[in-house]
Amino acid sequence: MNIDHKDMAYRIVGLVGLALLLGLVLWAHQPRGSATPAHDHADPAHHRHAVSGKPLDAERADTLTPSGQAENGVRVVDYDAFQYGFDPDPLVVRAGERVRLQLKSRDVSHGVMIPEVDFSTDIPTGERKAAEFVAPAEPGEYPVFCSVFCGSGHGDMTGRMVVLPAEL
Amino acid sequence: MNLNEMNAIRKLKNPKTPLLILLAALAIFGLVGGHDVSLKLAILGTSLTAAMLAEWALFGAVPLAVLQSAAISGGIVGLLVAPGADPRFAWTAAVLAIASKKLLVFHEGKHIFNPAAFGLVVSMMIFGNRINWWGNTSAVLVIVGGGLILMRLRRLSLPFAYFIARTAGIVLLTSINAGRAALLLPNLFFAFIMLVEPKTSPGKRPEQWIFGGICGILATTFYHFASVFEGDLLALLTVNLLRPWLTIRLAALQDNKRTSS
């Protein structure tokens, strides 16, 4: 009888653990915006409430230049993903500017997710695609993740986006 | 308990058929929901054939259970190798996986290494990295299917220990908060299907927690400090090798406790 109780307790704890893990997975995979964000990113001030990046020290900001080229008010950056990282890393942009990433995967399918600006898009193998977002208004350093499972190092595939102060 | 009852329990706890069904479901999911269907089928077919042939060549007459085990190793290899990779990579990985079961064994008769992990790591050393885990397309299927199989096998502590250690490692080393770390889920296919192979992982729960935890810590270490491509697989081979030592150490600890009490 004692064994039955133990067995039952093991099953209950196991099922609860599995349910929690399943909940976490479903939560992690729920849509968090897209390449066309849901809220108004034309207004950079919209992001002031949600700064979660590291602050950027002035000395460091002086040593960095924005990635890519500015074309008609849009910063165009060739941004590559590979197992397990991004290039360029860090992606350097100016506060509040519109950024167009020309995305390419060097190996397997990847995704790019920048939670701070509700940006998330996948990068299928062998295809180049463009996606846009508006950089946060607050200068700082923000994390970039891979949003598509790409191998056992997927969990460690992080990059950085450095936001420099807007040009005066 | 008589012999018939023991055999019935053994059959009930035999995970091979449900695991094969789970692998087949993952293969279908990966084929239906993605690109490169013909390339994926080619890789899967190559590794399954190679594993079966190797089993036949090395073990002679092949009973159904052994054939199932070859199909599992070949299937795992096929679900991990990137579609379009050199077929020699898949072929070598599958043959080495089966050969390791026969040739690399502890004195107790159990093989030392997880066969698929061994085959893939050695093939990577020969041909370079050709793995993209295309079979890991449905985390839900892996958790539900794998979880239920592991609950029956009483091995659920293994993936949980790995998951906790690996997530903690990601949080500590990438300095992102725990909420966001959930977006970077560790490799669930690895945790629920590879780490838990009954012959190369411990059966007792305290050992399972230590085994899974060490595997998670090692994998994180390999990725961050050694820039190893497939740190999970390498970590698994390392803990496979440490398993007998771990069992002896824990048994000694328990003996000490019993003596002192």
# chains A, B, ... in the order shown; residues from 1 in each chain; ligands from 1

call {"tool": "closest_atom_pairs", "arguments": {"of": "region 68-111 of chain B", "to": "region 197-218 of chain B", "cutoff": "12 Å", "atoms": "only C-alpha atoms", "output": "tab-separated table"}}
result
residue	atom	partner	partner_atom	distance
B:Ser69	CA	B:Glu197	CA	10.7
B:Ile72	CA	B:Glu197	CA	10.5
B:Ser73	CA	B:Glu197	CA	10.4
B:Ile76	CA	B:Glu197	CA	11.8
B:Ser100	CA	B:Thr200	CA	12.0
B:Lys101	CA	B:Lys199	CA	10.1
B:Leu104	CA	B:Thr200	CA	11.6
B:Val105	CA	B:Thr200	CA	10.2
B:Phe106	CA	B:Thr200	CA	10.2
B:Glu108	CA	B:Lys199	CA	10.8
B:Gly109	CA	B:Lys199	CA	9.7
B:Lys110	CA	B:Lys199	CA	6.1
B:His111	CA	B:Thr200	CA	6.8

call {"tool": "write_last_selection", "arguments": {"atoms": "all heavy atoms", "output": "JSON list (two decimals), in the first residue's frame"}}
result
[["chain", "number", "residue", "atom", "x", "y", "z"],
["B", 69, "SER", "N", 15.90, -1.16, -31.34],
["B", 69, "SER", "CA", 16.92, -0.29, -30.76],
["B", 69, "SER", "C", 17.78, 0.33, -31.86],
["B", 69, "SER", "O", 18.18, 1.50, -31.76],
["B", 69, "SER", "CB", 17.71, -1.10, -29.73],
["B", 69, "SER", "OG", 19.04, -0.97, -29.88],
["B", 72, "ILE", "N", 15.83, 3.13, -33.33],
["B", 72, "ILE", "CA", 15.82, 4.32, -32.47],
["B", 72, "ILE", "C", 17.11, 5.12, -32.67],
["B", 72, "ILE", "O", 17.08, 6.34, -32.91],
["B", 72, "ILE", "CB", 15.64, 3.92, -30.98],
["B", 72, "ILE", "CG1", 14.21, 3.43, -30.76],
["B", 72, "ILE", "CG2", 15.96, 5.09, -30.06],
["B", 72, "ILE", "CD1", 13.98, 2.76, -29.43],
["B", 73, "SER", "N", 18.26, 4.42, -32.62],
["B", 73, "SER", "CA", 19.54, 5.12, -32.80],
["B", 73, "SER", "C", 19.61, 5.76, -34.18],
["B", 73, "SER", "O", 19.98, 6.94, -34.32],
["B", 73, "SER", "CB", 20.71, 4.16, -32.62],
["B", 73, "SER", "OG", 20.71, 3.62, -31.33],
["B", 76, "ILE", "N", 17.18, 8.76, -34.39],
["B", 76, "ILE", "CA", 17.68, 9.97, -33.70],
["B", 76, "ILE", "C", 18.74, 10.65, -34.57],
["B", 76, "ILE", "O", 18.72, 11.87, -34.76],
["B", 76, "ILE", "CB", 18.22, 9.62, -32.29],
["B", 76, "ILE", "CG1", 17.06, 9.20, -31.38],
["B", 76, "ILE", "CG2", 18.95, 10.81, -31.69],
["B", 76, "ILE", "CD1", 17.49, 8.69, -30.02],
["B", 100, "SER", "N", 29.37, 1.39, -31.31],
["B", 100, "SER", "CA", 29.73, 1.75, -29.93],
["B", 100, "SER", "C", 28.99, 0.89, -28.91],
["B", 100, "SER", "O", 29.48, 0.63, -27.81],
["B", 100, "SER", "CB", 29.46, 3.24, -29.68],
["B", 100, "SER", "OG", 28.08, 3.46, -29.53],
["B", 101, "LYS", "N", 27.79, 0.44, -29.29],
["B", 101, "LYS", "CA", 27.02, -0.41, -28.37],
["B", 101, "LYS", "C", 27.69, -1.77, -28.18],
["B", 101, "LYS", "O", 27.58, -2.39, -27.14],
["B", 101, "LYS", "CB", 25.59, -0.64, -28.93],
["B", 101, "LYS", "CG", 24.70, 0.55, -28.75],
["B", 101, "LYS", "CD", 23.24, 0.17, -28.78],
["B", 101, "LYS", "CE", 22.76, -0.06, -30.20],
["B", 101, "LYS", "NZ", 21.31, -0.20, -30.28],
["B", 104, "LEU", "N", 32.14, -0.56, -27.12],
["B", 104, "LEU", "CA", 32.51, 0.25, -25.95],
["B", 104, "LEU", "C", 31.55, -0.05, -24.80],
["B", 104, "LEU", "O", 30.51, 0.60, -24.65],
["B", 104, "LEU", "CB", 32.46, 1.75, -26.31],
["B", 104, "LEU", "CG", 33.38, 2.17, -27.47],
["B", 104, "LEU", "CD1", 33.11, 3.62, -27.87],
["B", 104, "LEU", "CD2", 34.84, 2.00, -27.09],
["B", 105, "VAL", "N", 31.89, -1.05, -24.03],
["B", 105, "VAL", "CA", 30.99, -1.48, -22.94],
["B", 105, "VAL", "C", 31.73, -1.53, -21.60],
["B", 105, "VAL", "O", 32.93, -1.79, -21.56],
["B", 105, "VAL", "CB", 30.36, -2.86, -23.22],
["B", 105, "VAL", "CG1", 29.38, -2.80, -24.37],
["B", 105, "VAL", "CG2", 31.43, -3.89, -23.53],
["B", 106, "PHE", "N", 31.00, -1.25, -20.53],
["B", 106, "PHE", "CA", 31.55, -1.45, -19.19],
["B", 106, "PHE", "C", 31.57, -2.94, -18.88],
["B", 106, "PHE", "O", 30.88, -3.73, -19.56],
["B", 106, "PHE", "CB", 30.68, -0.72, -18.16],
["B", 106, "PHE", "CG", 30.86, 0.78, -18.15],
["B", 106, "PHE", "CD1", 29.76, 1.62, -18.31],
["B", 106, "PHE", "CD2", 32.12, 1.34, -17.98],
["B", 106, "PHE", "CE1", 29.92, 3.00, -18.29],
["B", 106, "PHE", "CE2", 32.28, 2.72, -17.97],
["B", 106, "PHE", "CZ", 31.18, 3.54, -18.13],
["B", 108, "GLU", "N", 30.07, -4.51, -16.76],
["B", 108, "GLU", "CA", 28.74, -5.03, -16.43],
["B", 108, "GLU", "C", 27.94, -5.39, -17.69],
["B", 108, "GLU", "O", 26.85, -5.97, -17.62],
["B", 108, "GLU", "CB", 27.95, -4.00, -15.61],
["B", 108, "GLU", "CG", 27.56, -2.78, -16.44],
["B", 108, "GLU", "CD", 27.38, -1.50, -15.63],
["B", 108, "GLU", "OE1", 28.06, -1.35, -14.61],
["B", 108, "GLU", "OE2", 26.56, -0.66, -16.03],
["B", 109, "GLY", "N", 28.49, -5.04, -18.87],
["B", 109, "GLY", "CA", 27.84, -5.39, -20.14],
["B", 109, "GLY", "C", 27.04, -4.26, -20.75],
["B", 109, "GLY", "O", 26.64, -4.35, -21.91],
["B", 110, "LYS", "N", 26.81, -3.18, -19.97],
["B", 110, "LYS", "CA", 26.06, -2.06, -20.54],
["B", 110, "LYS", "C", 27.00, -1.19, -21.37],
["B", 110, "LYS", "O", 28.16, -1.00, -20.97],
["B", 110, "LYS", "CB", 25.47, -1.20, -19.42],
["B", 110, "LYS", "CG", 24.27, -1.83, -18.74],
["B", 110, "LYS", "CD", 23.72, -0.88, -17.69],
["B", 110, "LYS", "CE", 22.52, -1.47, -16.99],
["B", 110, "LYS", "NZ", 22.04, -0.60, -15.91],
["B", 111, "HIS", "N", 26.49, -0.64, -22.49],
["B", 111, "HIS", "CA", 27.39, 0.21, -23.28],
["B", 111, "HIS", "C", 27.67, 1.52, -22.54],
["B", 111, "HIS", "O", 26.86, 1.98, -21.73],
["B", 111, "HIS", "CB", 26.87, 0.45, -24.70],
["B", 111, "HIS", "CG", 25.42, 0.78, -24.80],
["B", 111, "HIS", "ND1", 24.44, -0.15, -25.03],
["B", 111, "HIS", "CD2", 24.79, 1.97, -24.72],
["B", 111, "HIS", "CE1", 23.27, 0.46, -25.09],
["B", 111, "HIS", "NE2", 23.44, 1.73, -24.89]]

call {"tool": "interface_residues", "arguments": {"of": "chain A", "to": "chain B", "cutoff": "7 Å", "atoms": "only C-alpha atoms", "output": "PDB file with all heavy atoms, in the first residue's frame"}}
result
ATOM      1  N   ARG A  11       3.829  10.202  -9.629  1.00  0.00           N
ATOM      2  CA  ARG A  11       3.078  10.530 -10.853  1.00  0.00           C
ATOM      3  C   ARG A  11       2.508  11.941 -10.789  1.00  0.00           C
ATOM      4  O   ARG A  11       2.554  12.688 -11.769  1.00  0.00           O
ATOM      5  CB  ARG A  11       1.939   9.536 -11.061  1.00  0.00           C
ATOM      6  CG  ARG A  11       2.405   8.254 -11.716  1.00  0.00           C
ATOM      7  CD  ARG A  11       1.393   7.161 -11.567  1.00  0.00           C
ATOM      8  NE  ARG A  11       2.006   5.885 -11.868  1.00  0.00           N
ATOM      9  CZ  ARG A  11       1.657   5.112 -12.894  1.00  0.00           C
ATOM     10  NH1 ARG A  11       0.687   5.490 -13.687  1.00  0.00           N
ATOM     11  NH2 ARG A  11       2.254   3.979 -13.109  1.00  0.00           N
ATOM     12  N   GLY A  14       5.309  14.433 -11.110  1.00  0.00           N
ATOM     13  CA  GLY A  14       5.785  14.393 -12.501  1.00  0.00           C
ATOM     14  C   GLY A  14       4.835  15.117 -13.427  1.00  0.00           C
ATOM     15  O   GLY A  14       5.260  15.914 -14.266  1.00  0.00           O
ATOM     16  N   LEU A  18       5.566  18.422 -15.638  1.00  0.00           N
ATOM     17  CA  LEU A  18       5.373  18.451 -17.096  1.00  0.00           C
ATOM     18  C   LEU A  18       4.421  19.567 -17.497  1.00  0.00           C
ATOM     19  O   LEU A  18       4.641  20.261 -18.493  1.00  0.00           O
ATOM     20  CB  LEU A  18       4.820  17.105 -17.577  1.00  0.00           C
ATOM     21  CG  LEU A  18       5.806  15.943 -17.631  1.00  0.00           C
ATOM     22  CD1 LEU A  18       5.080  14.653 -18.015  1.00  0.00           C
ATOM     23  CD2 LEU A  18       6.929  16.211 -18.620  1.00  0.00           C
ATOM     24  N   LEU A  22       5.292  22.598 -19.918  1.00  0.00           N
ATOM     25  CA  LEU A  22       4.453  22.804 -21.098  1.00  0.00           C
ATOM     26  C   LEU A  22       3.919  24.245 -21.123  1.00  0.00           C
ATOM     27  O   LEU A  22       3.937  24.907 -22.165  1.00  0.00           O
ATOM     28  CB  LEU A  22       3.292  21.808 -21.069  1.00  0.00           C
ATOM     29  CG  LEU A  22       2.586  21.526 -22.376  1.00  0.00           C
ATOM     30  CD1 LEU A  22       3.545  20.978 -23.406  1.00  0.00           C
ATOM     31  CD2 LEU A  22       1.458  20.521 -22.150  1.00  0.00           C
ATOM     32  N   LEU A  24       5.299  26.819 -19.740  1.00  0.00           N
ATOM     33  CA  LEU A  24       6.437  27.698 -20.027  1.00  0.00           C
ATOM     34  C   LEU A  24       6.726  27.730 -21.530  1.00  0.00           C
ATOM     35  O   LEU A  24       6.962  28.788 -22.114  1.00  0.00           O
ATOM     36  CB  LEU A  24       7.660  27.170 -19.272  1.00  0.00           C
ATOM     37  CG  LEU A  24       8.896  28.050 -19.244  1.00  0.00           C
ATOM     38  CD1 LEU A  24       8.616  29.319 -18.466  1.00  0.00           C
ATOM     39  CD2 LEU A  24      10.065  27.304 -18.623  1.00  0.00           C
ATOM     40  N   ALA A  28       6.420  30.852 -23.908  1.00  0.00           N
ATOM     41  CA  ALA A  28       7.597  31.327 -24.636  1.00  0.00           C
ATOM     42  C   ALA A  28       7.331  31.428 -26.130  1.00  0.00           C
ATOM     43  O   ALA A  28       7.924  32.249 -26.815  1.00  0.00           O
ATOM     44  CB  ALA A  28       8.775  30.400 -24.376  1.00  0.00           C
ATOM     45  N   VAL A 108      21.682  27.220 -40.847  1.00  0.00           N
ATOM     46  CA  VAL A 108      20.344  26.629 -40.698  1.00  0.00           C
ATOM     47  C   VAL A 108      19.311  27.738 -40.463  1.00  0.00           C
ATOM     48  O   VAL A 108      19.668  28.904 -40.383  1.00  0.00           O
ATOM     49  CB  VAL A 108      20.312  25.624 -39.520  1.00  0.00           C
ATOM     50  CG1 VAL A 108      21.313  24.510 -39.754  1.00  0.00           C
ATOM     51  CG2 VAL A 108      20.606  26.324 -38.208  1.00  0.00           C
ATOM     52  N   CYS A 150      17.494  26.286 -33.323  1.00  0.00           N
ATOM     53  CA  CYS A 150      18.456  26.126 -34.419  1.00  0.00           C
ATOM     54  C   CYS A 150      19.562  25.139 -34.082  1.00  0.00           C
ATOM     55  O   CYS A 150      20.532  25.016 -34.819  1.00  0.00           O
ATOM     56  CB  CYS A 150      19.068  27.479 -34.750  1.00  0.00           C
ATOM     57  SG  CYS A 150      19.877  28.241 -33.336  1.00  0.00           S
ATOM     58  N   GLY A 151      19.448  24.463 -32.973  1.00  0.00           N
ATOM     59  CA  GLY A 151      20.490  23.531 -32.568  1.00  0.00           C
ATOM     60  C   GLY A 151      20.636  23.551 -31.072  1.00  0.00           C
ATOM     61  O   GLY A 151      19.960  24.333 -30.383  1.00  0.00           O
ATOM     62  N   SER A 152      21.512  22.706 -30.550  1.00  0.00           N
ATOM     63  CA  SER A 152      21.550  22.605 -29.093  1.00  0.00           C
ATOM     64  C   SER A 152      22.163  23.828 -28.432  1.00  0.00           C
ATOM     65  O   SER A 152      22.049  23.990 -27.228  1.00  0.00           O
ATOM     66  CB  SER A 152      22.267  21.329 -28.664  1.00  0.00           C
ATOM     67  OG  SER A 152      23.531  21.296 -29.241  1.00  0.00           O
ATOM     68  N   GLY A 153      22.789  24.693 -29.201  1.00  0.00           N
ATOM     69  CA  GLY A 153      23.303  25.935 -28.621  1.00  0.00           C
ATOM     70  C   GLY A 153      22.322  27.085 -28.761  1.00  0.00           C
ATOM     71  O   GLY A 153      22.665  28.235 -28.475  1.00  0.00           O
ATOM     72  N   HIS A 154      21.103  26.771 -29.198  1.00  0.00           N
ATOM     73  CA  HIS A 154      20.086  27.811 -29.415  1.00  0.00           C
ATOM     74  C   HIS A 154      19.884  28.678 -28.175  1.00  0.00           C
ATOM     75  O   HIS A 154      19.784  29.902 -28.272  1.00  0.00           O
ATOM     76  CB  HIS A 154      18.777  27.141 -29.821  1.00  0.00           C
ATOM     77  CG  HIS A 154      17.582  28.026 -29.717  1.00  0.00           C
ATOM     78  ND1 HIS A 154      17.377  29.095 -30.549  1.00  0.00           N
ATOM     79  CD2 HIS A 154      16.530  28.006 -28.850  1.00  0.00           C
ATOM     80  CE1 HIS A 154      16.242  29.693 -30.205  1.00  0.00           C
ATOM     81  NE2 HIS A 154      15.710  29.064 -29.184  1.00  0.00           N
ATOM     82  N   GLY A 155      19.858  28.018 -27.021  1.00  0.00           N
ATOM     83  CA  GLY A 155      19.636  28.754 -25.770  1.00  0.00           C
ATOM     84  C   GLY A 155      20.710  29.790 -25.500  1.00  0.00           C
ATOM     85  O   GLY A 155      20.485  30.750 -24.774  1.00  0.00           O
ATOM     86  N   ASP A 156      21.878  29.580 -26.069  1.00  0.00           N
ATOM     87  CA  ASP A 156      22.991  30.501 -25.814  1.00  0.00           C
ATOM     88  C   ASP A 156      23.190  31.500 -26.955  1.00  0.00           C
ATOM     89  O   ASP A 156      24.134  32.263 -26.951  1.00  0.00           O
ATOM     90  CB  ASP A 156      24.278  29.715 -25.607  1.00  0.00           C
ATOM     91  CG  ASP A 156      24.143  28.704 -24.502  1.00  0.00           C
ATOM     92  OD1 ASP A 156      23.663  27.580 -24.779  1.00  0.00           O
ATOM     93  OD2 ASP A 156      24.461  29.037 -23.362  1.00  0.00           O
TER      94      ASP A 156
END

call {"tool": "atom_distance", "arguments": {"atom1": "CA of Asn72 (chain A)", "atom2": "CA of Val92 (chain A)"}}
result
17.9 Å

call {"tool": "closest_residue", "arguments": {"among": "B:Met124, B:Leu26, B:Leu236, B:Ile98", "to": "Trp56 (chain B)", "atoms": "only C-alpha atoms"}}
result
B:Ile98

call {"tool": "select_by_dssp", "arguments": {"residues": "region 8-158 of chain A", "states": "strand (DSSP E)", "output": "ChimeraX atom specification"}}
result
/A:69-71,74-82,85-87,91-94,98-105,110-114,119-123,128-134,140-145,158

call {"tool": "atom_distance", "arguments": {"atom1": "CA of Ala226 (chain B)", "atom2": "CA of Tyr84 (chain A)"}}
result
13.1 Å

call {"tool": "select_by_dssp", "arguments": {"residues": "region 13-107 of chain B", "states": "helix (DSSP H, G or I)", "output": "VMD selection string"}}
result
chain B and resid 13 16 to 32 37 to 59 64 to 80 87 to 103

call {"tool": "closest_residue", "arguments": {"among": "A:Asp107, A:Asp80, A:Asp4, A:Asp89", "to": "Leu64 (chain A)", "atoms": "only C-alpha atoms"}}
result
A:Asp89

call {"tool": "closest_residue", "arguments": {"among": "B:Leu172, B:Val122, B:Leu241, B:Ala70", "to": "Leu58 (chain B)", "atoms": "only C-alpha atoms"}}
result
B:Ala70

call {"tool": "closest_residue", "arguments": {"among": "A:Asp7, A:Thr65, A:Glu71, A:Val13", "to": "Pro88 (chain A)", "atoms": "only C-alpha atoms"}}
result
A:Thr65

call {"tool": "closest_residue", "arguments": {"among": "A:Glu59, A:Glu167, A:Glu132, A:Glu141", "to": "Val76 (chain A)", "atoms": "only C-alpha atoms"}}
result
A:Glu132

call {"tool": "atom_distance", "arguments": {"atom1": "CA of Val81 (chain B)", "atom2": "CA of Ala168 (chain B)"}}
result
27.9 Å

call {"tool": "decode", "arguments": {"residues": "region 18-28 of chain B", "atoms": "all heavy atoms", "output": "mmCIF file, in the first residue's frame"}}
result
data_model
loop_
_atom_site.group_PDB
_atom_site.id
_atom_site.type_symbol
_atom_site.label_atom_id
_atom_site.label_comp_id
_atom_site.auth_asym_id
_atom_site.auth_seq_id
_atom_site.Cartn_x
_atom_site.Cartn_y
_atom_site.Cartn_z
ATOM 1 N N PRO B 18 6.879 2.812 -27.788
ATOM 2 C CA PRO B 18 6.379 4.192 -27.697
ATOM 3 C C PRO B 18 7.408 5.228 -28.149
ATOM 4 O O PRO B 18 7.047 6.240 -28.756
ATOM 5 C CB PRO B 18 6.047 4.377 -26.207
ATOM 6 C CG PRO B 18 6.489 3.163 -25.508
ATOM 7 C CD PRO B 18 6.754 2.098 -26.501
ATOM 8 N N LEU B 19 8.703 4.949 -27.890
ATOM 9 C CA LEU B 19 9.726 5.905 -28.317
ATOM 10 C C LEU B 19 9.810 5.969 -29.844
ATOM 11 O O LEU B 19 9.952 7.048 -30.430
ATOM 12 C CB LEU B 19 11.089 5.518 -27.728
ATOM 13 C CG LEU B 19 12.231 6.503 -27.955
ATOM 14 C CD1 LEU B 19 11.852 7.905 -27.489
ATOM 15 C CD2 LEU B 19 13.486 6.058 -27.225
ATOM 16 N N LEU B 20 9.688 4.799 -30.469
ATOM 17 C CA LEU B 20 9.692 4.780 -31.936
ATOM 18 C C LEU B 20 8.498 5.545 -32.499
ATOM 19 O O LEU B 20 8.623 6.278 -33.482
ATOM 20 C CB LEU B 20 9.648 3.334 -32.450
ATOM 21 C CG LEU B 20 11.013 2.650 -32.591
ATOM 22 C CD1 LEU B 20 10.842 1.171 -32.912
ATOM 23 C CD2 LEU B 20 11.851 3.328 -33.670
ATOM 24 N N ILE B 21 7.349 5.384 -31.840
ATOM 25 C CA ILE B 21 6.155 6.116 -32.294
ATOM 26 C C ILE B 21 6.383 7.626 -32.148
ATOM 27 O O ILE B 21 6.063 8.415 -33.042
ATOM 28 C CB ILE B 21 4.905 5.664 -31.497
ATOM 29 C CG1 ILE B 21 4.587 4.198 -31.834
ATOM 30 C CG2 ILE B 21 3.710 6.555 -31.786
ATOM 31 C CD1 ILE B 21 3.559 3.547 -30.928
ATOM 32 N N LEU B 22 6.991 8.014 -31.008
ATOM 33 C CA LEU B 22 7.274 9.435 -30.787
ATOM 34 C C LEU B 22 8.233 9.975 -31.845
ATOM 35 O O LEU B 22 8.031 11.063 -32.397
ATOM 36 C CB LEU B 22 7.853 9.641 -29.378
ATOM 37 C CG LEU B 22 8.279 11.064 -29.016
ATOM 38 C CD1 LEU B 22 7.093 12.017 -29.076
ATOM 39 C CD2 LEU B 22 8.904 11.113 -27.625
ATOM 40 N N LEU B 23 9.288 9.208 -32.150
ATOM 41 C CA LEU B 23 10.254 9.649 -33.162
ATOM 42 C C LEU B 23 9.580 9.769 -34.531
ATOM 43 O O LEU B 23 9.838 10.712 -35.283
ATOM 44 C CB LEU B 23 11.442 8.681 -33.240
ATOM 45 C CG LEU B 23 12.382 8.655 -32.028
ATOM 46 C CD1 LEU B 23 13.460 7.609 -32.211
ATOM 47 C CD2 LEU B 23 13.026 10.026 -31.799
ATOM 48 N N ALA B 24 8.705 8.797 -34.821
ATOM 49 C CA ALA B 24 7.987 8.848 -36.107
ATOM 50 C C ALA B 24 7.100 10.091 -36.171
ATOM 51 O O ALA B 24 7.044 10.781 -37.192
ATOM 52 C CB ALA B 24 7.155 7.583 -36.285
ATOM 53 N N ALA B 25 6.429 10.379 -35.044
ATOM 54 C CA ALA B 25 5.564 11.573 -35.016
ATOM 55 C C ALA B 25 6.387 12.839 -35.212
ATOM 56 O O ALA B 25 5.989 13.754 -35.944
ATOM 57 C CB ALA B 25 4.809 11.629 -33.687
ATOM 58 N N LEU B 26 7.558 12.903 -34.565
ATOM 59 C CA LEU B 26 8.419 14.078 -34.718
ATOM 60 C C LEU B 26 8.914 14.212 -36.150
ATOM 61 O O LEU B 26 9.027 15.318 -36.690
ATOM 62 C CB LEU B 26 9.608 13.998 -33.749
ATOM 63 C CG LEU B 26 9.281 14.281 -32.281
ATOM 64 C CD1 LEU B 26 10.458 13.924 -31.386
ATOM 65 C CD2 LEU B 26 8.924 15.753 -32.095
ATOM 66 N N ALA B 27 9.222 13.049 -36.773
ATOM 67 C CA ALA B 27 9.688 13.067 -38.168
ATOM 68 C C ALA B 27 8.578 13.614 -39.068
ATOM 69 O O ALA B 27 8.821 14.475 -39.918
ATOM 70 C CB ALA B 27 10.086 11.667 -38.610
ATOM 71 N N ILE B 28 7.349 13.141 -38.847
ATOM 72 C CA ILE B 28 6.217 13.616 -39.671
ATOM 73 C C ILE B 28 6.024 15.123 -39.464
ATOM 74 O O ILE B 28 5.869 15.885 -40.415
ATOM 75 C CB ILE B 28 4.927 12.838 -39.316
ATOM 76 C CG1 ILE B 28 5.070 11.384 -39.777
ATOM 77 C CG2 ILE B 28 3.705 13.480 -39.955
ATOM 78 C CD1 ILE B 28 4.031 10.438 -39.219
#
